[in-house]
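Asker: Structure: model-v7.pdb, PDB, C-alpha atoms.
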ATOM      1  CA  ALA A 698     -41.888  32.904   6.492
ATOM      2  CA  GLY A 699     -38.674  33.309   8.436
ATOM      3  CA  ARG A 700     -40.667  34.823  11.360
ATOM      4  CA  PHE A 701     -42.494  31.506  11.792
ATOM      5  CA  VAL A 702     -40.016  28.859  10.649
ATOM      6  CA  SER A 703     -36.282  28.636  11.241
ATOM      7  CA  LEU A 704     -34.490  27.886   8.000
ATOM      8  CA  PRO A 705     -30.863  27.267   8.957
ATOM      9  CA  ALA A 706     -30.054  24.903   6.091
ATOM     10  CA  PRO A 707     -31.171  27.206   3.237
ATOM     11  CA  HIS A 708     -29.536  30.178   4.951
ATOM     12  CA  THR A 709     -26.276  28.263   5.341
ATOM     13  CA  ALA A 710     -26.436  27.088   1.723
ATOM     14  CA  ALA A 711     -27.204  30.628   0.538
ATOM     15  CA  ARG A 712     -24.041  31.922   2.210
ATOM     16  CA  TRP A 713     -22.068  29.090   0.599
ATOM     17  CA  LEU A 714     -23.592  30.004  -2.787
ATOM     18  CA  GLN A 715     -21.803  33.360  -2.645
ATOM     19  CA  ASP A 716     -18.466  31.576  -3.128
ATOM     20  CA  THR A 717     -18.883  31.301  -6.891
ATOM     21  CA  ALA A 718     -15.605  29.500  -7.555
ATOM     22  CA  THR A 719     -16.353  26.756  -5.019
ATOM     23  CA  VAL A 720     -19.932  26.369  -6.215
ATOM     24  CA  ASP A 721     -18.862  26.097  -9.851
ATOM     25  CA  ALA A 722     -16.130  23.591  -8.979
ATOM     26  CA  THR A 723     -18.683  21.503  -7.088
ATOM     27  CA  ALA A 724     -21.051  21.551 -10.061
ATOM     28  CA  VAL A 725     -18.281  20.544 -12.457
ATOM     29  CA  ALA A 726     -17.194  17.619 -10.258
ATOM     30  CA  ALA A 727     -20.685  16.394  -9.389
ATOM     31  CA  LEU A 728     -22.290  16.751 -12.804
ATOM     32  CA  GLY A 729     -19.330  15.692 -14.925
ATOM     33  CA  LEU A 730     -19.094  19.008 -16.756
ATOM     34  CA  ALA A 731     -16.157  20.011 -18.928
ATOM     35  CA  GLY A 732     -15.377  23.110 -16.900
ATOM     36  CA  PRO A 733     -16.744  26.192 -15.081
ATOM     37  CA  GLU A 734     -17.866  27.694 -18.375
ATOM     38  CA  ASP A 735     -20.578  25.000 -18.533
ATOM     39  CA  VAL A 736     -22.059  26.015 -15.175
ATOM     40  CA  GLY A 737     -25.217  28.069 -15.529
ATOM     41  CA  ALA A 738     -28.194  29.031 -13.407
ATOM     42  CA  ALA A 739     -29.710  25.543 -13.560
ATOM     43  CA  GLU A 740     -26.492  23.866 -12.411
ATOM     44  CA  ARG A 741     -26.001  26.367  -9.564
ATOM     45  CA  ALA A 742     -29.600  25.827  -8.446
ATOM     46  CA  ARG A 743     -29.013  22.091  -8.444
ATOM     47  CA  VAL A 744     -25.911  22.276  -6.258
ATOM     48  CA  PHE A 745     -27.584  24.852  -4.002
ATOM     49  CA  TRP A 746     -30.382  22.453  -3.105
ATOM     50  CA  ALA A 747     -27.847  19.657  -2.846
ATOM     51  CA  ARG A 748     -26.003  21.788  -0.276
ATOM     52  CA  VAL A 749     -29.273  22.287   1.604
ATOM     53  CA  LYS A 750     -29.784  18.526   1.752
ATOM     54  CA  ALA A 751     -26.159  18.039   2.797
ATOM     55  CA  VAL A 752     -26.476  20.486   5.703
ATOM     56  CA  GLU A 753     -29.735  18.886   6.823
ATOM     57  CA  THR A 754     -28.329  15.353   6.564
ATOM     58  CA  LEU A 755     -25.145  16.113   8.493
ATOM     59  CA  ALA A 756     -27.061  17.854  11.272
ATOM     60  CA  ALA A 757     -29.729  15.151  11.559
ATOM     61  CA  ALA A 758     -27.285  12.231  11.665
ATOM     62  CA  GLY A 759     -24.803  13.839  14.048
ATOM     63  CA  PRO A 760     -21.875  15.663  12.397
ATOM     64  CA  ASP A 761     -19.069  13.744  14.091
ATOM     65  CA  ALA A 762     -20.514  10.243  13.613
ATOM     66  CA  LEU A 763     -21.531  10.758   9.991
ATOM     67  CA  THR A 764     -18.242  12.460   9.110
ATOM     68  CA  ARG A 765     -16.277   9.508  10.491
ATOM     69  CA  ARG A 766     -18.554   7.079   8.685
ATOM     70  CA  VAL A 767     -18.562   8.591   5.206
ATOM     71  CA  LEU A 768     -14.901   9.635   5.217
ATOM     72  CA  HIS A 769     -13.708   6.310   6.673
ATOM     73  CA  LEU A 770     -11.963   7.993   9.592
ATOM     74  CA  ASP A 771     -10.625   6.288  12.702
ATOM     75  CA  PRO A 772     -13.535   6.167  15.205
ATOM     76  CA  ALA A 773     -11.127   7.112  17.989
ATOM     77  CA  LEU A 774     -10.111  10.388  16.343
ATOM     78  CA  ASP A 775     -11.790  13.723  17.064
ATOM     79  CA  VAL A 776     -13.491  15.431  14.127
ATOM     80  CA  ASP A 777     -12.748  19.113  13.622
ATOM     81  CA  GLY A 778     -14.322  21.779  11.448
ATOM     82  CA  ALA A 779     -12.222  20.796   8.461
ATOM     83  CA  GLY A 780     -13.592  17.259   8.711
ATOM     84  CA  HIS A 781     -17.171  18.497   8.839
ATOM     85  CA  GLU A 782     -16.560  20.684   5.795
ATOM     86  CA  ALA A 783     -15.047  17.749   3.903
ATOM     87  CA  ALA A 784     -18.153  15.710   4.714
ATOM     88  CA  LEU A 785     -20.378  18.569   3.523
ATOM     89  CA  VAL A 786     -18.465  18.781   0.259
ATOM     90  CA  LEU A 787     -18.866  15.034  -0.272
ATOM     91  CA  LEU A 788     -22.567  15.027   0.614
ATOM     92  CA  THR A 789     -23.215  18.033  -1.618
ATOM     93  CA  ARG A 790     -21.519  16.449  -4.599
ATOM     94  CA  GLY A 791     -23.351  13.189  -4.065
ATOM     95  CA  PHE A 792     -26.789  14.760  -3.736
ATOM     96  CA  ALA A 793     -26.113  16.859  -6.845
ATOM     97  CA  ALA A 794     -25.091  13.724  -8.733
ATOM     98  CA  GLY A 795     -28.385  12.086  -7.773
ATOM     99  CA  ARG A 796     -27.100   9.704  -5.099
ATOM    100  CA  ASP A 797     -29.027   8.908  -1.924
ATOM    101  CA  MET A 798     -26.509  10.502   0.412
ATOM    102  CA  ALA A 799     -28.974  10.277   3.313
ATOM    103  CA  ASP A 800     -28.058   6.573   3.328
ATOM    104  CA  PRO A 801     -24.678   6.327   5.130
ATOM    105  CA  ASP A 802     -23.725   3.216   3.141
ATOM    106  CA  ALA A 803     -24.376   4.967  -0.177
ATOM    107  CA  ALA A 804     -22.538   8.081   1.044
ATOM    108  CA  ALA A 805     -19.512   6.083   2.198
ATOM    109  CA  ALA A 806     -19.460   4.192  -1.118
ATOM    110  CA  TYR A 807     -19.593   7.506  -2.995
ATOM    111  CA  ALA A 808     -16.549   8.628  -0.999
ATOM    112  CA  LEU A 809     -14.671   5.553  -2.232
ATOM    113  CA  GLU A 810     -15.854   6.247  -5.767
ATOM    114  CA  THR A 811     -14.629   9.849  -5.721
ATOM    115  CA  GLY A 812     -11.420   8.612  -4.099
ATOM    116  CA  GLY A 813     -10.597   6.492  -7.154
ATOM    117  CA  ALA A 814     -12.337   3.153  -6.578
ATOM    118  CA  PHE A 815     -13.125   2.901 -10.285
ATOM    119  CA  ASP A 816      -9.790   4.282 -11.512
ATOM    120  CA  TRP A 817      -7.413   1.648 -12.884
ATOM    121  CA  THR A 818      -9.257  -1.215 -11.174
ATOM    122  CA  ALA A 819     -11.132  -2.636 -14.171
ATOM    123  CA  THR A 820      -9.972  -6.082 -15.228
ATOM    124  CA  LEU A 821     -10.561  -8.324 -18.231
ATOM    125  CA  THR A 822     -11.380 -12.029 -18.019
ATOM    126  CA  THR A 823     -12.000 -14.955 -20.323
ATOM    127  CA  MET A 824     -14.367 -17.926 -20.170
ATOM    128  CA  GLY A 825     -13.454 -20.253 -22.981
ATOM    129  CA  THR A 826     -13.725 -18.215 -26.173
ATOM    130  CA  GLU A 827     -15.828 -15.503 -24.514
ATOM    131  CA  SER A 828     -14.466 -12.387 -22.839
ATOM    132  CA  GLY A 829     -15.707 -10.649 -19.727
ATOM    133  CA  GLY A 830     -14.819  -7.963 -17.251
ATOM    134  CA  GLY A 831     -14.601  -7.235 -13.594
ATOM    135  CA  ARG A 832     -13.194  -5.134 -10.803
ATOM    136  CA  ASP A 833     -10.001  -5.958  -8.883
ATOM    137  CA  TRP A 834      -9.753  -4.103  -5.566
ATOM    138  CA  ARG A 835      -6.755  -6.010  -4.257
ATOM    139  CA  ASP A 836      -3.197  -4.700  -4.029
ATOM    140  CA  THR A 837      -2.153  -6.674  -7.108
ATOM    141  CA  ALA A 838      -3.825  -7.296 -10.445
ATOM    142  CA  THR A 839      -4.046 -10.603 -12.328
ATOM    143  CA  LEU A 840      -3.770 -10.598 -16.116
ATOM    144  CA  LEU A 841      -6.716 -12.146 -17.985
ATOM    145  CA  PRO A 842      -7.881 -14.796 -15.519
ATOM    146  CA  GLU A 843      -9.890 -17.690 -16.947
ATOM    147  CA  VAL A 844     -13.149 -17.911 -14.980
ATOM    148  CA  GLY A 845     -14.594 -20.973 -16.702
ATOM    149  CA  ARG A 846     -12.403 -23.276 -14.594
ATOM    150  CA  VAL A 847     -11.716 -23.373 -10.866
ATOM    151  CA  ARG A 848      -8.981 -24.916  -8.790
ATOM    152  CA  THR A 849      -9.134 -26.462  -5.321
ATOM    153  CA  PRO A 850      -6.661 -28.629  -3.368
ATOM    154  CA  ALA A 851      -8.236 -31.591  -5.194
ATOM    155  CA  GLY A 852      -7.330 -30.183  -8.614
ATOM    156  CA  LEU A 853      -8.904 -28.430 -11.593
ATOM    157  CA  ALA A 854     -12.656 -28.514 -12.309
ATOM    158  CA  ASP A 855     -15.276 -26.824 -14.473
ATOM    159  CA  ALA A 856     -16.810 -23.777 -12.818
ATOM    160  CA  PRO A 857     -20.432 -24.296 -11.738
ATOM    161  CA  TRP A 858     -21.457 -21.012 -13.418
ATOM    162  CA  ALA A 859     -20.033 -22.066 -16.809
ATOM    163  CA  GLY A 860     -21.409 -24.321 -19.521
ATOM    164  CA  PRO A 861     -24.675 -24.594 -21.498
ATOM    165  CA  ASP A 862     -27.631 -22.560 -20.294
ATOM    166  CA  GLY A 863     -30.214 -25.206 -21.262
ATOM    167  CA  HIS A 864     -31.605 -23.064 -24.072
ATOM    168  CA  GLY A 865     -29.073 -23.779 -26.786
ATOM    169  CA  GLY A 866     -26.555 -21.206 -25.632
ATOM    170  CA  ASN A 867     -23.893 -20.717 -23.003
ATOM    171  CA  ARG A 868     -24.186 -19.036 -19.644
ATOM    172  CA  PRO A 869     -22.916 -15.447 -19.517
ATOM    173  CA  VAL A 870     -19.410 -14.708 -18.342
ATOM    174  CA  PRO A 871     -19.621 -13.622 -14.686
ATOM    175  CA  TYR A 872     -18.392 -10.202 -13.578
ATOM    176  CA  LEU A 873     -15.311 -10.879 -11.466
ATOM    177  CA  VAL A 874     -15.001  -8.861  -8.243
ATOM    178  CA  ALA A 875     -11.804  -9.359  -6.245
ATOM    179  CA  ALA A 876     -11.278  -7.875  -2.783
ATOM    180  CA  HIS A 877     -10.091  -8.767   0.720
ATOM    181  CA  VAL A 878     -12.006 -10.168   3.678
ATOM    182  CA  ASP A 879     -11.309  -8.263   6.893
ATOM    183  CA  LEU A 880      -8.967 -10.248   9.116
ATOM    184  CA  GLN A 881     -11.121  -9.793  12.220
ATOM    185  CA  ASP A 882     -14.665  -9.626  10.825
ATOM    186  CA  GLY A 883     -15.857 -11.812   7.948
ATOM    187  CA  ALA A 884     -18.878  -9.555   7.467
ATOM    188  CA  ARG A 885     -16.594  -6.711   6.340
ATOM    189  CA  LEU A 886     -14.566  -6.359   3.151
ATOM    190  CA  GLN A 887     -11.573  -4.233   2.200
ATOM    191  CA  VAL A 888     -10.925  -2.490  -1.104
ATOM    192  CA  SER A 889      -7.722  -0.841  -2.252
ATOM    193  CA  THR A 890      -8.191   2.701  -3.574
ATOM    194  CA  GLY A 891      -5.157   4.765  -4.390
ATOM    195  CA  GLY A 892      -2.916   2.242  -2.668
ATOM    196  CA  THR A 893      -4.832   2.434   0.617
ATOM    197  CA  LEU A 894      -7.020  -0.355   1.983
ATOM    198  CA  GLN A 895     -10.448   0.906   2.992
ATOM    199  CA  ASP A 896     -12.686  -1.113   5.297
ATOM    200  CA  THR A 897     -16.329  -1.459   4.220
ATOM    201  CA  SER A 898     -19.482  -3.129   5.427
ATOM    202  CA  ALA A 899     -21.237  -5.576   3.124
ATOM    203  CA  ALA A 900     -23.963  -2.981   2.488
ATOM    204  CA  GLU A 901     -21.407  -0.313   1.589
ATOM    205  CA  PHE A 902     -19.582  -2.758  -0.692
ATOM    206  CA  ALA A 903     -22.909  -3.529  -2.380
ATOM    207  CA  GLU A 904     -23.551   0.196  -2.885
ATOM    208  CA  LEU A 905     -20.113   0.572  -4.436
ATOM    209  CA  LEU A 906     -20.875  -2.229  -6.897
ATOM    210  CA  ALA A 907     -24.284  -0.695  -7.603
ATOM    211  CA  ALA A 908     -22.452   2.442  -8.766
ATOM    212  CA  ASP A 909     -19.892   0.544 -10.872
ATOM    213  CA  PRO A 910     -20.312   1.950 -14.409
ATOM    214  CA  ASP A 911     -18.890  -1.195 -16.036
ATOM    215  CA  LEU A 912     -21.200  -3.540 -14.139
ATOM    216  CA  ASN A 913     -24.201  -1.326 -14.827
ATOM    217  CA  ARG A 914     -23.681  -1.854 -18.541
ATOM    218  CA  LYS A 915     -24.032  -5.622 -18.093
ATOM    219  CA  ASP A 916     -27.350  -7.400 -18.515
ATOM    220  CA  LEU A 917     -28.930  -8.493 -15.237
ATOM    221  CA  SER A 918     -28.451 -12.108 -16.296
ATOM    222  CA  VAL A 919     -24.686 -11.598 -15.781
ATOM    223  CA  PRO A 920     -23.811 -12.850 -12.293
ATOM    224  CA  VAL A 921     -21.150 -11.455  -9.978
ATOM    225  CA  LEU A 922     -18.258 -13.745  -9.040
ATOM    226  CA  LEU A 923     -16.745 -12.845  -5.670
ATOM    227  CA  VAL A 924     -13.063 -13.728  -5.260
ATOM    228  CA  LEU A 925     -12.484 -12.693  -1.660
ATOM    229  CA  THR A 926      -9.060 -13.231  -0.152
ATOM    230  CA  GLY A 927      -8.277 -13.569   3.554
ATOM    231  CA  ILE A 928      -7.519 -16.004   6.340
ATOM    232  CA  ASP A 929     -11.144 -17.102   6.046
ATOM    233  CA  GLY A 930     -13.972 -16.621   3.590
ATOM    234  CA  PRO A 931     -16.714 -14.011   3.927
ATOM    235  CA  ALA A 932     -19.627 -14.329   6.344
ATOM    236  CA  PRO A 933     -22.673 -15.966   4.706
ATOM    237  CA  GLY A 934     -24.750 -12.789   4.671
ATOM    238  CA  VAL A 935     -22.258 -10.835   2.553
ATOM    239  CA  ALA A 936     -23.211 -12.445  -0.763
ATOM    240  CA  ASP A 937     -26.929 -12.247   0.059
ATOM    241  CA  THR A 938     -26.637  -8.513   0.765
ATOM    242  CA  ILE A 939     -24.852  -7.901  -2.526
ATOM    243  CA  ALA A 940     -27.264 -10.064  -4.540
ATOM    244  CA  GLN A 941     -30.285  -8.331  -3.063
ATOM    245  CA  ARG A 942     -28.910  -4.857  -3.756
ATOM    246  CA  LEU A 943     -27.812  -5.595  -7.310
ATOM    247  CA  GLY A 944     -30.669  -7.856  -8.369
ATOM    248  CA  ARG A 945     -28.085 -10.315  -9.682
ATOM    249  CA  SER A 946     -26.922 -13.779  -8.775
ATOM    250  CA  VAL A 947     -23.683 -13.761  -6.787
ATOM    251  CA  TRP A 948     -21.252 -16.690  -6.710
ATOM    252  CA  TRP A 949     -19.131 -16.976  -3.574
ATOM    253  CA  SER A 950     -17.468 -19.459  -1.237
ATOM    254  CA  ARG A 951     -17.149 -19.764   2.526
ATOM    255  CA  TYR A 952     -13.460 -20.551   1.940
ATOM    256  CA  PRO A 953     -10.870 -17.928   0.990
ATOM    257  CA  ALA A 954     -10.708 -17.404  -2.767
ATOM    258  CA  GLU A 955      -7.725 -16.262  -4.788
ATOM    259  CA  LEU A 956      -6.540 -16.109  -8.382
ATOM    260  CA  SER A 957      -3.360 -17.961  -7.483
ATOM    261  CA  GLY A 958      -3.991 -21.282  -9.231
ATOM    262  CA  THR A 959      -3.690 -21.944 -12.956
ATOM    263  CA  ASP A 960      -5.379 -24.115 -15.555
ATOM    264  CA  ASP A 961      -3.751 -26.390 -18.147
ATOM    265  CA  THR A 962      -2.713 -23.400 -20.277
ATOM    266  CA  GLY A 963      -1.141 -21.471 -17.405
ATOM    267  CA  SER A 964      -3.961 -18.929 -17.067
ATOM    268  CA  SER A 965      -4.952 -17.870 -13.558
ATOM    269  CA  VAL A 966      -8.251 -19.299 -12.337
ATOM    270  CA  PRO A 967     -10.463 -18.752  -9.260
ATOM    271  CA  THR A 968      -8.863 -20.854  -6.553
ATOM    272  CA  LEU A 969     -10.255 -21.980  -3.207
ATOM    273  CA  VAL A 970      -7.632 -22.459  -0.498
ATOM    274  CA  LEU A 971      -7.593 -23.830   3.026
ATOM    275  CA  SER A 972      -8.984 -21.599   5.755
ATOM    276  CA  LEU A 973      -7.386 -20.956   9.117
ATOM    277  CA  LEU A 974     -10.841 -20.721  10.724
ATOM    278  CA  THR A 975     -13.165 -22.976   8.690
ATOM    279  CA  ALA A 976     -12.560 -26.715   8.972
ATOM    280  CA  GLY A 977     -12.399 -29.030   6.007
ATOM    281  CA  THR A 978     -10.880 -28.981   2.553
ATOM    282  CA  PRO A 979     -12.629 -26.926  -0.118
ATOM    283  CA  THR A 980     -13.941 -28.532  -3.298
ATOM    284  CA  ALA A 981     -15.580 -27.109  -6.410
ATOM    285  CA  ALA A 982     -18.950 -27.801  -4.762
ATOM    286  CA  ASP A 983     -18.134 -25.167  -2.160
ATOM    287  CA  TRP A 984     -18.892 -22.423  -4.683
ATOM    288  CA  GLN A 985     -22.425 -21.274  -3.820
ATOM    289  CA  GLU A 986     -24.927 -19.053  -5.595
ATOM    290  CA  ALA A 987     -26.766 -16.310  -3.710
ATOM    291  CA  ARG A 988     -29.849 -15.051  -5.529
ATOM    292  CA  PRO A 989     -31.998 -11.961  -5.025
ATOM    293  CA  THR A 990     -35.356 -12.751  -3.496
ATOM    294  CA  ASP A 991     -38.690 -11.021  -3.170
ATOM    295  CA  PRO A 992     -38.754  -9.669   0.412
ATOM    296  CA  ALA A 993     -42.517 -10.099   0.469
ATOM    297  CA  GLY A 994     -42.357 -13.849  -0.016
ATOM    298  CA  PRO A 995     -40.089 -16.890  -0.172
ATOM    299  CA  GLU A 996     -40.175 -17.177  -3.950
ATOM    300  CA  GLU A 997     -37.117 -16.237  -5.996
ATOM    301  CA  GLY A 998     -37.394 -12.778  -7.504
ATOM    302  CA  PRO A 999     -38.418 -12.461 -11.170
ATOM    303  CA  ARG A1000     -35.623 -12.816 -13.700
ATOM    304  CA  PRO A1001     -35.204 -10.398 -16.610
ATOM    305  CA  VAL A1002     -36.719 -11.511 -19.904
TER     306      VAL A1002
END
Show how you would write the structure in this file as structure tokens.
Answerer:
Amino acid sequence: AGRFVSLPAPHTAARWLQDTATVDATAVAALGLAGPEDVGAAERARVFWARVKAVETLAAAGPDALTRRVLHLDPALDVDGAGHEAALVLLTRGFAAGRDMADPDAAAAYALETGGAFDWTATLTTMGTESGGGRDWRDTATLLPEVGRVRTPAGLADAPWAGPDGHGGNRPVPYLVAAHVDLQDGARLQVSTGGTLQDTSAAEFAELLAADPDLNRKDLSVPVLLVLTGIDGPAPGVADTIAQRLGRSVWWSRYPAELSGTDDTGSSVPTLVLSLLTAGTPTAADWQEARPTDPAGPEEGPRPV
């Protein structure tokens, strides 16, 4: 077949497969194995074809552009062979793990994940007598915030996502997600991984949340609560992008949100503050809910039973 069809990707992957130590290490990292002793023929075959897909993807997208994108490199910097190899390693691991690494947003989110985005960033919350969880990607963590109450310059108020659900029960505790809004572009968010702020698009941020193991264990009726800090709030499309990707409701505000205010007991609560760019004074009514929709029609998407 090689006389009729050029097969550079399989040939390149086959040469890579000869480096047994690297292949086994890739399989261990991508598949969550205990060690090289757990790598057999099936695992090596899996990472081999993942390497094939990685080579094809990098070549098709343009090695320099995709390497900068997935590794979050400065666009002004030149990419050398070491950078291309680092991108190949990342793409290979992601394909082997079952991620859609042909999607640059998913690939860039996987880079943040492997860089520690889910290490030591989980947070616990309360809503009345109920407990919840979340993800804090800011530089500082807040101990046990109370998400059933919100604070604005006008004072303390009940959160619009809290209270009875109309069916004899209470609404679920939202999954708190704290991050930064980019200072120059409200459509971009920043997450702290390993002490370094990484700039992300809304789509990449949504992919990162889609891979969050803690959030994935939550029922789809659990909404996401965005607490996004900056000189201004996020652009309107950010919450819609996240809601559509996750299939969950997303609470957000056009004003900057923090966990700086407290309730009557001294617990930190979601707090809306004045914006340097958006006029007006925020109130509790400025918390909005973005919901996933059916792209084929204007009706709201079906809710889980």
Asker: Between CA of His877 (chain A) and CA of Phe902 (chain A), what distance in Å does the model show, to one decimal?
Answerer: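 The value is 11.3 Å.
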Asker: Just say which residues the PyMOL selection byres ((chain A and resi 728-742) around 12) picks in this file, as a ChimeraX atom specification.
Answerer: /A:707,710-711,713-727,743-749,789-796,811
Asker: Store the residues picked out above, limited to C-alpha atoms, as a PDB file, keeping the file's coordinate frame.
Answerer:
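Result file out23.pdb:
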ATOM      1  CA  PRO A 707     -31.171  27.206   3.237  1.00  0.00           C
ATOM      2  CA  ALA A 710     -26.436  27.088   1.723  1.00  0.00           C
ATOM      3  CA  ALA A 711     -27.204  30.628   0.538  1.00  0.00           C
ATOM      4  CA  TRP A 713     -22.068  29.090   0.599  1.00  0.00           C
ATOM      5  CA  LEU A 714     -23.592  30.004  -2.787  1.00  0.00           C
ATOM      6  CA  GLN A 715     -21.803  33.360  -2.645  1.00  0.00           C
ATOM      7  CA  ASP A 716     -18.466  31.576  -3.128  1.00  0.00           C
ATOM      8  CA  THR A 717     -18.883  31.301  -6.891  1.00  0.00           C
ATOM      9  CA  ALA A 718     -15.605  29.500  -7.555  1.00  0.00           C
ATOM     10  CA  THR A 719     -16.353  26.756  -5.019  1.00  0.00           C
ATOM     11  CA  VAL A 720     -19.932  26.369  -6.215  1.00  0.00           C
ATOM     12  CA  ASP A 721     -18.862  26.097  -9.851  1.00  0.00           C
ATOM     13  CA  ALA A 722     -16.130  23.591  -8.979  1.00  0.00           C
ATOM     14  CA  THR A 723     -18.683  21.503  -7.088  1.00  0.00           C
ATOM     15  CA  ALA A 724     -21.051  21.551 -10.061  1.00  0.00           C
ATOM     16  CA  VAL A 725     -18.281  20.544 -12.457  1.00  0.00           C
ATOM     17  CA  ALA A 726     -17.194  17.619 -10.258  1.00  0.00           C
ATOM     18  CA  ALA A 727     -20.685  16.394  -9.389  1.00  0.00           C
ATOM     19  CA  ARG A 743     -29.013  22.091  -8.444  1.00  0.00           C
ATOM     20  CA  VAL A 744     -25.911  22.276  -6.258  1.00  0.00           C
ATOM     21  CA  PHE A 745     -27.584  24.852  -4.002  1.00  0.00           C
ATOM     22  CA  TRP A 746     -30.382  22.453  -3.105  1.00  0.00           C
ATOM     23  CA  ALA A 747     -27.847  19.657  -2.846  1.00  0.00           C
ATOM     24  CA  ARG A 748     -26.003  21.788  -0.276  1.00  0.00           C
ATOM     25  CA  VAL A 749     -29.273  22.287   1.604  1.00  0.00           C
ATOM     26  CA  THR A 789     -23.215  18.033  -1.618  1.00  0.00           C
ATOM     27  CA  ARG A 790     -21.519  16.449  -4.599  1.00  0.00           C
ATOM     28  CA  GLY A 791     -23.351  13.189  -4.065  1.00  0.00           C
ATOM     29  CA  PHE A 792     -26.789  14.760  -3.736  1.00  0.00           C
ATOM     30  CA  ALA A 793     -26.113  16.859  -6.845  1.00  0.00           C
ATOM     31  CA  ALA A 794     -25.091  13.724  -8.733  1.00  0.00           C
ATOM     32  CA  GLY A 795     -28.385  12.086  -7.773  1.00  0.00           C
ATOM     33  CA  ARG A 796     -27.100   9.704  -5.099  1.00  0.00           C
ATOM     34  CA  THR A 811     -14.629   9.849  -5.721  1.00  0.00           C
TER      35      THR A 811
END
Asker: I'd like to see the residues matched by the PyMOL selection byres ((chain A and resi 806) around 10) on this file, and ideally I'd get them as a list of chain:residue names.
Answerer: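 Matching residues under the PyMOL selection byres ((chain A and resi 806) around 10) are A:Val767, A:Leu768, A:His769, A:Met798, A:Asp800, A:Pro801, A:Asp802, A:Ala803, A:Ala804, A:Ala805, A:Tyr807, A:Ala808, A:Leu809, A:Glu810, A:Thr811, A:Gly812, A:Ala814, A:Thr897, A:Ser898, A:Ala900, A:Glu901, A:Phe902, A:Ala903, A:Glu904, A:Leu905, A:Leu906, A:Ala907, A:Ala908.
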Asker: Let me know the centre plus edge lengths, in Å and rounded to one decimal, of a box with edges along x, y and z that contains all listed atoms of region 704-710 of chain A and is padded by 3 Å on every side, as AutoDock Vina command-line options.
Answerer:
--center_x -30.4 --center_y 27.5 --center_z 5.3 --size_x 14.2 --size_y 11.3 --size_z 13.2
Asker: Exactly which residues make up the result of the PyMOL selection byres ((chain A and resi 932) around 8) on this file, given as a ChimeraX atom specification?
Answerer: /A:883-884,930-931,933-935,951
Asker: Quick one: residues within 7 Å of Gly831 (chain A), only C-alpha atoms counted, chain neighbours fewer than 5 positions away excluded, as a ChimeraX atom specification?
Answerer: /A:819-821,872-874
Asker: Could you tell me how far CA of Glu955 (chain A) lies from CA of Val924 (chain A), in Å and to one decimal?
Answerer: 5.9 Å
Asker: Separation of CA of Arg766 (chain A) and CA of Gly944 (chain A), in Å?
Answerer: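 Taking CA of Arg766 (chain A) and CA of Gly944 (chain A), their separation equals 25.7 Å.
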Asker: Would you pick out the contacts of Trp858 (chain A) at 10 Å or less, using only C-alpha atoms, so that residues sharing its chain but fewer than 2 positions from it are not included, and give the list as a PyMOL selection string?
Answerer: chain A and resi 844-846+855-856+860-862+867-871+920+922+948+984-986
Asker: In terms of the shortest atom-to-atom distance over only C-alpha atoms, which of A:Thr890, A:Ser957, A:Thr962, A:Ser946 is closest to Asp833 (chain A)?
Answerer: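 Once distances to Asp833 (chain A) are computed over only C-alpha atoms, the minimum belongs to A:Thr890.
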Asker: Measuring atom to atom with only C-alpha atoms, identify which of A:Ile928, A:Ala899, A:Leu969, A:Leu880 is nearest to Ala940 (chain A).
Answerer: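 Under the stated criterion, the closest residue is A:Ala899.
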Asker: A:Ala987, A:Ala851, A:Ile939, A:Leu912: which is nearest Leu971 (chain A), counting only C-alpha atoms?
Answerer: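 Ranked by minimum distance to Leu971 (chain A), first place goes to A:Ala851.
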Asker: Using all atoms listed in the file and a cutoff of 12 Å, can you tell me which residues are near (-14.9, 10.5, 9.0) in the file's coordinates, and write them out as a count of residues only?
Answerer: 33
Asker: Counting only C-alpha atoms, figure out which residue out of A:Thr893, A:Gln887, A:Met824, A:Gly927 gets nearest to Val847 (chain A).
Answerer: A:Met824
Asker: Counting all atoms listed in the file, what is within 9 Å of Thr978 (chain A), bar same-chain residues fewer than 6 positions away, as a PyMOL selection string?
Answerer: chain A and resi 849-851+952+970-972
